[in-house]
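> Attaching a single structure in structure tokens format; questions to follow.
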There are 2 protein chains.
Amino acid sequence: MLALVFDGERLLLQGDYPRPVPSVGEALVRVRLAGICNTDLEIVRGYMGFRGVLGHEFVGVVEEAEDRSLAGRRVVGEINAYCGECPTCRAGRPTHCPNRTTLGIWGRDGAFAEYLTLPVRNLHVVPDEVPDEAAVFTEPLAAALEVLEGVHLRPTDRVVVLGDGKLGLLVAQALALTGCDLLVVGHHREKLAILARRGIPTMLESETEGLSADVVVECTGRPEGFAAARRILRPRGTLVLKSTYHGRVEADLTGLVVDEITLVGSRCGPFPPALRLLQRGLVDVQSLVSEIYPLSRGLEAFARAAQPGVLKVLLRVE
Amino acid sequence: MLALVFDGERLLLQGDYPRPVPSVGEALVRVRLAGICNTDLEIVRGYMGFRGVLGHEFVGVVEEAEDRSLAGRRVVGEINAYCGECPTCRAGRPTHCPNRTTLGIWGRDGAFAEYLTLPVRNLHVVPDEVPDEAAVFTEPLAAALEVLEGVHLRPTDRVVVLGDGKLGLLVAQALALTGCDLLVVGHHREKLAILARRGIPTMLESETEGLSADVVVECTGRPEGFAAARRILRPRGTLVLKSTYHGRVEADLTGLVVDEITLVGSRCGPFPPALRLLQRGLVDVQSLVSEIYPLSRGLEAFARAAQPGVLKVLLRVE
């Protein structure tokens, strides 16, 4: 099958990549549409040390599954395949299972290919009202909702989302639904305008002198984002970290103690609420699509996704 | 008056230091006993850029106050003198007042002297049952209790206190009262033995291979403590930072995101519960006293406090 593969050094488009074979409990999914995430770009820079088919945001159709009622259904899939038996899984934290594989990120080929496999328990049927171009955003919208899983956001909180990239725009839209006093800080007028059109207040980072927030959600994807978030956050405030990147940061831990800051790391999130919000049309994802390429032009698509100012680049597989 | 002063380069014992004059709302306190804290040792290494009389742990007697009923009373004092009028104070976070001075740490002469001044509202009368040698621990015990102010510790949580220094031993005793599944990890058998005698489980750090905790409280006072705490903490666990030191740390923020760790900085705490625990004899502080020196031998006392293996060194002023 056709697949976009990272071999540890380069991205390659392979026409003869072996079609994956589902294990017990897994489904074979024919991919329809997949999204390029910043994590994919970071993996190509060395993050996670992954080799194989990239991609973890997708919508597809079940081709084979033990549960026959799933065949032919349109699905999205949670990306962490867990064992279900270790103490971490039994404690209700399967996304942290030490035995997990992660679609296109760790130990499991991903979605930039004609087919992928995932455990059936990871799949969620997409409601008919949600088109492929929206369903493909379920995974990143779930990651945005994970902020609300990890932190109690009060409707009266002053909240700043830092970063106007793909994730920042999704996090902002998810948090705005709480009614909180939200401000999105970024660098790109045209990206911030997507939110402004929906009535969400925005500001350029150069204008934030003197700004103070109870909660800051760091979505810049850059190491510098941490210091920028700290400048805005009040003492005893909460800093939610969403960015993952290849490399370490010099952090002032003593400053966190003196200001009694709470830092909350936040990663993958719950799919059902993401699908509910998409079904109700409460989050605008279509404005986030910069371009759609066929998988056969995947290398071009990757180069495009890495350009500054570009939002979501999608890969159409069939 | 006699005072132990840091001039930005050296510690000096000065016999002719000017006696402080209380401002409106302040009391003049004659110091009886004061404790040397690791923060004092860090200040001498450059932390906070402080110059003046060191010391913030004390018990003393009110010599002068507008409120005459206070005169002659034995008191301890909260160390942050706040304005009470700024948005931070009005929001109920006076220990984070941006206009604050901090006894012996920032903008206000401290307790290693015959006299100090503090706002009357910072003072707490010491119950008669609490001797000076215990009352002088009110401030660090309050800092230990701040862990419980900032984090909801469940009686079923597996909690590790990392560090068997003065602060670690106080934090351990405070947390043990919650009934949680507590383990204290340190480097010094003789310090851990103080806790073991009270029935609190302990372990040498070299033996912690494979250990996993829901909550880790980092009290090592050393930059290496952060990585050590992360090794023990489970995914989605909570890491409470108590250590302050001069210098920055290279931290893996992406690791915090991937493991969805919550980091909570924790500093000064509430005095009334600390006094209640001391009054009821629920925390053993007397075992933590390594030595008592007269203030006139303050330089010797400082050198002693900085030696490895030494716990609390007290300065008797009168």
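So you can find residues: chains in the structure tokens are A, B, ... in the order shown, residues in each start at 1, and ligands are numbered from 1 in order.
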Would you pick out the contacts of Leu54 (chain A) at 7 Å or less, using only C-alpha atoms, so that residues sharing its chain but fewer than 4 positions from it are not included, and give the list as a list of chain:residue names?

A:Leu4, A:Val5, A:Phe6, A:Asp40, A:Gly104, A:Ile105, A:Asp109, A:Gly110, A:Ala111, A:Phe112

> Please dump the current selection as an mmCIF file, in the first residue's frame; keep C-alpha atoms.


```cif
data_model
loop_
_atom_site.group_PDB
_atom_site.id
_atom_site.type_symbol
_atom_site.label_atom_id
_atom_site.label_comp_id
_atom_site.auth_asym_id
_atom_site.auth_seq_id
_atom_site.Cartn_x
_atom_site.Cartn_y
_atom_site.Cartn_z
ATOM 1 C CA LEU A 4 4.396 8.108 4.215
ATOM 2 C CA VAL A 5 7.261 6.670 6.241
ATOM 3 C CA PHE A 6 9.954 8.201 8.464
ATOM 4 C CA ASP A 40 4.572 14.795 13.223
ATOM 5 C CA GLY A 104 2.251 6.923 14.364
ATOM 6 C CA ILE A 105 4.245 8.028 17.437
ATOM 7 C CA ASP A 109 2.396 2.461 12.295
ATOM 8 C CA GLY A 110 0.181 5.479 11.766
ATOM 9 C CA ALA A 111 -2.493 7.006 9.579
ATOM 10 C CA PHE A 112 -0.572 8.439 6.608
#
```

> Name the residues in contact with region 114-126 of chain B at a cut-off of 9 Å, using only C-alpha atoms, excluding same-chain residues fewer than 3 positions from it; report them as number ranges by chain.

B: 1-3, 19-32, 59-60, 65-67, 70, 73-82, 103, 108-111, 129-132, 135, 271-272, 275, 279, 295, 317-318

> Between A:Val264, A:Met48, A:Val53, A:Ala176, which is the closest to chain B once you count only C-alpha atoms?

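With only C-alpha atoms as the atom set, the closest residue is A:Val264.
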
> Write out as a list in words the set of residues from region 33-86 of chain A that DSSP, computed on the backbone, places in helix (DSSP H, G or I).

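Reading the DSSP output for region 33-86 of chain A, helix (DSSP H, G or I) covers Asn38, Thr39, Asp40, Leu41, Glu42, Ile43, Val44, Tyr47, Met48, Gly49, Arg68, Ser69 and Leu70 of chain A.
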
> Keeping only all heavy atoms, write the selected residues as a short mmCIF file (atom, residue, chain, number, x, y, z; two decimals), in the first residue's frame.


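Done, and the output landed in result_30.cif:
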```cif
data_model
loop_
_atom_site.label_atom_id
_atom_site.label_comp_id
_atom_site.auth_asym_id
_atom_site.auth_seq_id
_atom_site.Cartn_x
_atom_site.Cartn_y
_atom_site.Cartn_z
N ASN A 38 1.68 19.12 14.57
CA ASN A 38 3.03 19.57 14.91
C ASN A 38 3.88 18.43 15.46
O ASN A 38 5.10 18.42 15.29
CB ASN A 38 2.99 20.71 15.92
CG ASN A 38 2.77 22.05 15.22
OD1 ASN A 38 2.61 22.11 14.00
ND2 ASN A 38 2.77 23.11 16.00
N THR A 39 3.23 17.48 16.15
CA THR A 39 3.98 16.34 16.68
C THR A 39 4.65 15.58 15.54
O THR A 39 5.78 15.10 15.67
CB THR A 39 3.06 15.42 17.49
OG1 THR A 39 2.48 16.19 18.55
CG2 THR A 39 3.81 14.24 18.08
N ASP A 40 3.96 15.46 14.38
CA ASP A 40 4.57 14.79 13.22
C ASP A 40 5.83 15.54 12.78
O ASP A 40 6.85 14.93 12.46
CB ASP A 40 3.57 14.73 12.07
CG ASP A 40 2.31 13.94 12.44
OD1 ASP A 40 2.45 12.86 13.03
OD2 ASP A 40 1.20 14.43 12.15
N LEU A 41 5.73 16.88 12.77
CA LEU A 41 6.90 17.67 12.37
C LEU A 41 8.04 17.49 13.38
O LEU A 41 9.21 17.42 13.01
CB LEU A 41 6.51 19.15 12.25
CG LEU A 41 5.36 19.46 11.28
CD1 LEU A 41 4.99 20.95 11.33
CD2 LEU A 41 5.70 19.06 9.85
N GLU A 42 7.67 17.41 14.68
CA GLU A 42 8.69 17.21 15.72
C GLU A 42 9.33 15.83 15.61
O GLU A 42 10.53 15.68 15.84
CB GLU A 42 8.08 17.40 17.12
CG GLU A 42 7.74 18.85 17.47
CD GLU A 42 8.99 19.72 17.62
OE1 GLU A 42 10.02 19.22 18.12
OE2 GLU A 42 8.93 20.90 17.21
N ILE A 43 8.53 14.81 15.24
CA ILE A 43 9.08 13.46 15.11
C ILE A 43 10.16 13.44 14.03
O ILE A 43 11.21 12.82 14.18
CB ILE A 43 7.96 12.43 14.79
CG1 ILE A 43 7.10 12.21 16.04
CG2 ILE A 43 8.55 11.11 14.29
CD1 ILE A 43 5.86 11.36 15.80
N VAL A 44 9.91 14.17 12.94
CA VAL A 44 10.90 14.23 11.86
C VAL A 44 12.17 14.96 12.33
O VAL A 44 13.25 14.75 11.79
CB VAL A 44 10.27 14.91 10.61
CG1 VAL A 44 11.29 15.16 9.52
CG2 VAL A 44 9.12 14.05 10.08
N TYR A 47 12.00 13.81 17.70
CA TYR A 47 11.17 13.60 18.89
C TYR A 47 10.67 12.15 18.93
O TYR A 47 10.21 11.61 17.94
CB TYR A 47 10.01 14.59 18.86
CG TYR A 47 9.01 14.45 19.98
CD1 TYR A 47 9.40 14.56 21.32
CD2 TYR A 47 7.67 14.22 19.71
CE1 TYR A 47 8.49 14.45 22.34
CE2 TYR A 47 6.73 14.11 20.74
CZ TYR A 47 7.15 14.21 22.05
OH TYR A 47 6.23 14.10 23.06
N MET A 48 10.76 11.53 20.10
CA MET A 48 10.27 10.16 20.35
C MET A 48 11.11 9.08 19.68
O MET A 48 10.91 7.90 19.97
CB MET A 48 8.80 9.98 19.92
CG MET A 48 7.79 10.83 20.65
SD MET A 48 7.71 10.56 22.45
CE MET A 48 7.02 8.91 22.55
N GLY A 49 12.02 9.43 18.80
CA GLY A 49 12.83 8.40 18.14
C GLY A 49 12.01 7.40 17.33
O GLY A 49 12.39 6.24 17.18
N ARG A 68 -18.84 -7.67 13.69
CA ARG A 68 -19.26 -7.42 12.31
C ARG A 68 -20.06 -6.12 12.16
O ARG A 68 -20.10 -5.53 11.10
CB ARG A 68 -20.09 -8.59 11.78
CG ARG A 68 -19.29 -9.87 11.58
CD ARG A 68 -18.16 -9.66 10.56
NE ARG A 68 -17.37 -10.85 10.39
CZ ARG A 68 -17.68 -11.81 9.51
NH1 ARG A 68 -18.74 -11.70 8.75
NH2 ARG A 68 -16.89 -12.86 9.40
N SER A 69 -20.72 -5.72 13.27
CA SER A 69 -21.57 -4.52 13.18
C SER A 69 -20.72 -3.28 12.89
O SER A 69 -21.25 -2.25 12.47
CB SER A 69 -22.37 -4.34 14.47
OG SER A 69 -21.50 -3.95 15.52
N LEU A 70 -19.42 -3.37 13.11
CA LEU A 70 -18.55 -2.22 12.86
C LEU A 70 -18.15 -2.09 11.39
O LEU A 70 -17.79 -1.00 10.94
CB LEU A 70 -17.27 -2.34 13.69
CG LEU A 70 -17.24 -1.65 15.06
CD1 LEU A 70 -15.89 -1.89 15.72
CD2 LEU A 70 -17.49 -0.15 14.93
#
```

> Name all residues at most 8 Å from Gly298 (chain A) (count only C-alpha atoms; drop same-chain ones fewer than 3 positions away) and give them as a list in words.

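Counting only the stated atoms, we get Leu4, Leu13, Tyr293, Pro294, Leu295, Ala301, Phe302 and Leu315 of chain A.
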
> Take the selection from the previous step and output its residues with N, CA and C atoms, as a short mmCIF file (atom, residue, chain, number, x, y, z; two decimals), in the first residue's frame.


```cif
data_model
loop_
_atom_site.label_atom_id
_atom_site.label_comp_id
_atom_site.auth_asym_id
_atom_site.auth_seq_id
_atom_site.Cartn_x
_atom_site.Cartn_y
_atom_site.Cartn_z
N LEU A 4 3.39 7.08 3.97
CA LEU A 4 4.40 8.11 4.22
C LEU A 4 5.19 7.67 5.45
N LEU A 13 7.98 8.46 0.63
CA LEU A 13 6.69 7.97 0.17
C LEU A 13 6.94 6.59 -0.43
N TYR A 293 -4.08 17.78 0.44
CA TYR A 293 -3.26 17.13 -0.59
C TYR A 293 -3.66 15.67 -0.68
N PRO A 294 -3.50 15.06 -1.85
CA PRO A 294 -3.61 13.60 -1.88
C PRO A 294 -2.37 12.99 -1.23
N LEU A 295 -2.55 11.79 -0.65
CA LEU A 295 -1.41 11.13 0.01
C LEU A 295 -0.22 10.99 -0.93
N ALA A 301 3.04 17.97 0.98
CA ALA A 301 2.13 18.37 2.05
C ALA A 301 2.90 18.64 3.35
N PHE A 302 3.89 17.77 3.63
CA PHE A 302 4.71 17.93 4.83
C PHE A 302 5.50 19.23 4.78
N LEU A 315 -4.36 15.20 4.47
CA LEU A 315 -3.99 14.25 3.43
C LEU A 315 -5.22 13.41 3.08
#
```

> Check which residues of chain A sit at most 10 Å from chain B using only C-alpha atoms, and return one row each with the closest pair of atoms and their distance in Å to one decimal, ordered by chain and rising number, as a Markdown table.


```
| residue | atom | partner | partner_atom | distance |
| --- | --- | --- | --- | --- |
| A:Thr88 | CA | B:Pro235 | CA | 8.4 |
| A:Arg93 | CA | B:Arg236 | CA | 8.2 |
| A:Thr95 | CA | B:Asp259 | CA | 9.3 |
| A:His96 | CA | B:Pro235 | CA | 6.3 |
| A:Cys97 | CA | B:Pro235 | CA | 8.9 |
| A:Pro98 | CA | B:Pro235 | CA | 9.4 |
| A:Glu146 | CA | B:Glu260 | CA | 10.0 |
| A:Gly150 | CA | B:Glu260 | CA | 8.6 |
| A:Val151 | CA | B:Thr262 | CA | 9.9 |
| A:Gly221 | CA | B:Thr254 | CA | 9.9 |
| A:Pro223 | CA | B:Leu253 | CA | 8.7 |
| A:Phe226 | CA | B:Leu253 | CA | 8.8 |
| A:Arg234 | CA | B:Thr88 | CA | 8.7 |
| A:Pro235 | CA | B:His96 | CA | 6.3 |
| A:Arg236 | CA | B:His96 | CA | 8.1 |
| A:Thr238 | CA | B:Val264 | CA | 9.0 |
| A:Leu239 | CA | B:Leu263 | CA | 9.4 |
| A:Val240 | CA | B:Val257 | CA | 8.9 |
| A:Leu241 | CA | B:Val257 | CA | 6.2 |
| A:Lys242 | CA | B:Val257 | CA | 6.3 |
| A:Ser243 | CA | B:Thr254 | CA | 6.8 |
| A:Thr244 | CA | B:Thr254 | CA | 4.8 |
| A:Tyr245 | CA | B:Thr254 | CA | 6.3 |
| A:His246 | CA | B:Thr254 | CA | 7.9 |
| A:Gly247 | CA | B:Asp252 | CA | 7.6 |
| A:Arg248 | CA | B:Asp252 | CA | 5.0 |
| A:Val249 | CA | B:Ala251 | CA | 5.6 |
| A:Glu250 | CA | B:Glu250 | CA | 4.4 |
| A:Ala251 | CA | B:Val249 | CA | 5.6 |
| A:Asp252 | CA | B:Arg248 | CA | 5.0 |
| A:Leu253 | CA | B:Val249 | CA | 6.6 |
| A:Thr254 | CA | B:Thr244 | CA | 4.8 |
| A:Gly255 | CA | B:Thr244 | CA | 8.1 |
| A:Leu256 | CA | B:Gly265 | CA | 5.1 |
| A:Val257 | CA | B:Gly265 | CA | 3.9 |
| A:Val258 | CA | B:Arg267 | CA | 5.9 |
| A:Asp259 | CA | B:His96 | CA | 6.9 |
| A:Glu260 | CA | B:Gly265 | CA | 4.1 |
| A:Ile261 | CA | B:Gly265 | CA | 5.1 |
| A:Thr262 | CA | B:Val264 | CA | 4.3 |
| A:Leu263 | CA | B:Leu263 | CA | 4.7 |
| A:Val264 | CA | B:Thr262 | CA | 4.3 |
| A:Gly265 | CA | B:Val257 | CA | 3.9 |
| A:Ser266 | CA | B:Glu260 | CA | 5.0 |
| A:Arg267 | CA | B:Val257 | CA | 5.8 |
| A:Cys268 | CA | B:Val258 | CA | 8.6 |
```

> Run DSSP on the backbone and tell me which residues of region 119-217 of chain B come out as strand (DSSP E); list them as a VMD selection string.

chain B and resid 119 123 to 125 158 to 162 181 to 186 202 to 204 213 to 217

> Between CA of Gly269 (chain A) and CA of Thr220 (chain A), what is the spacing in Å?

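Here the two named atoms are 18.3 Å from each other.
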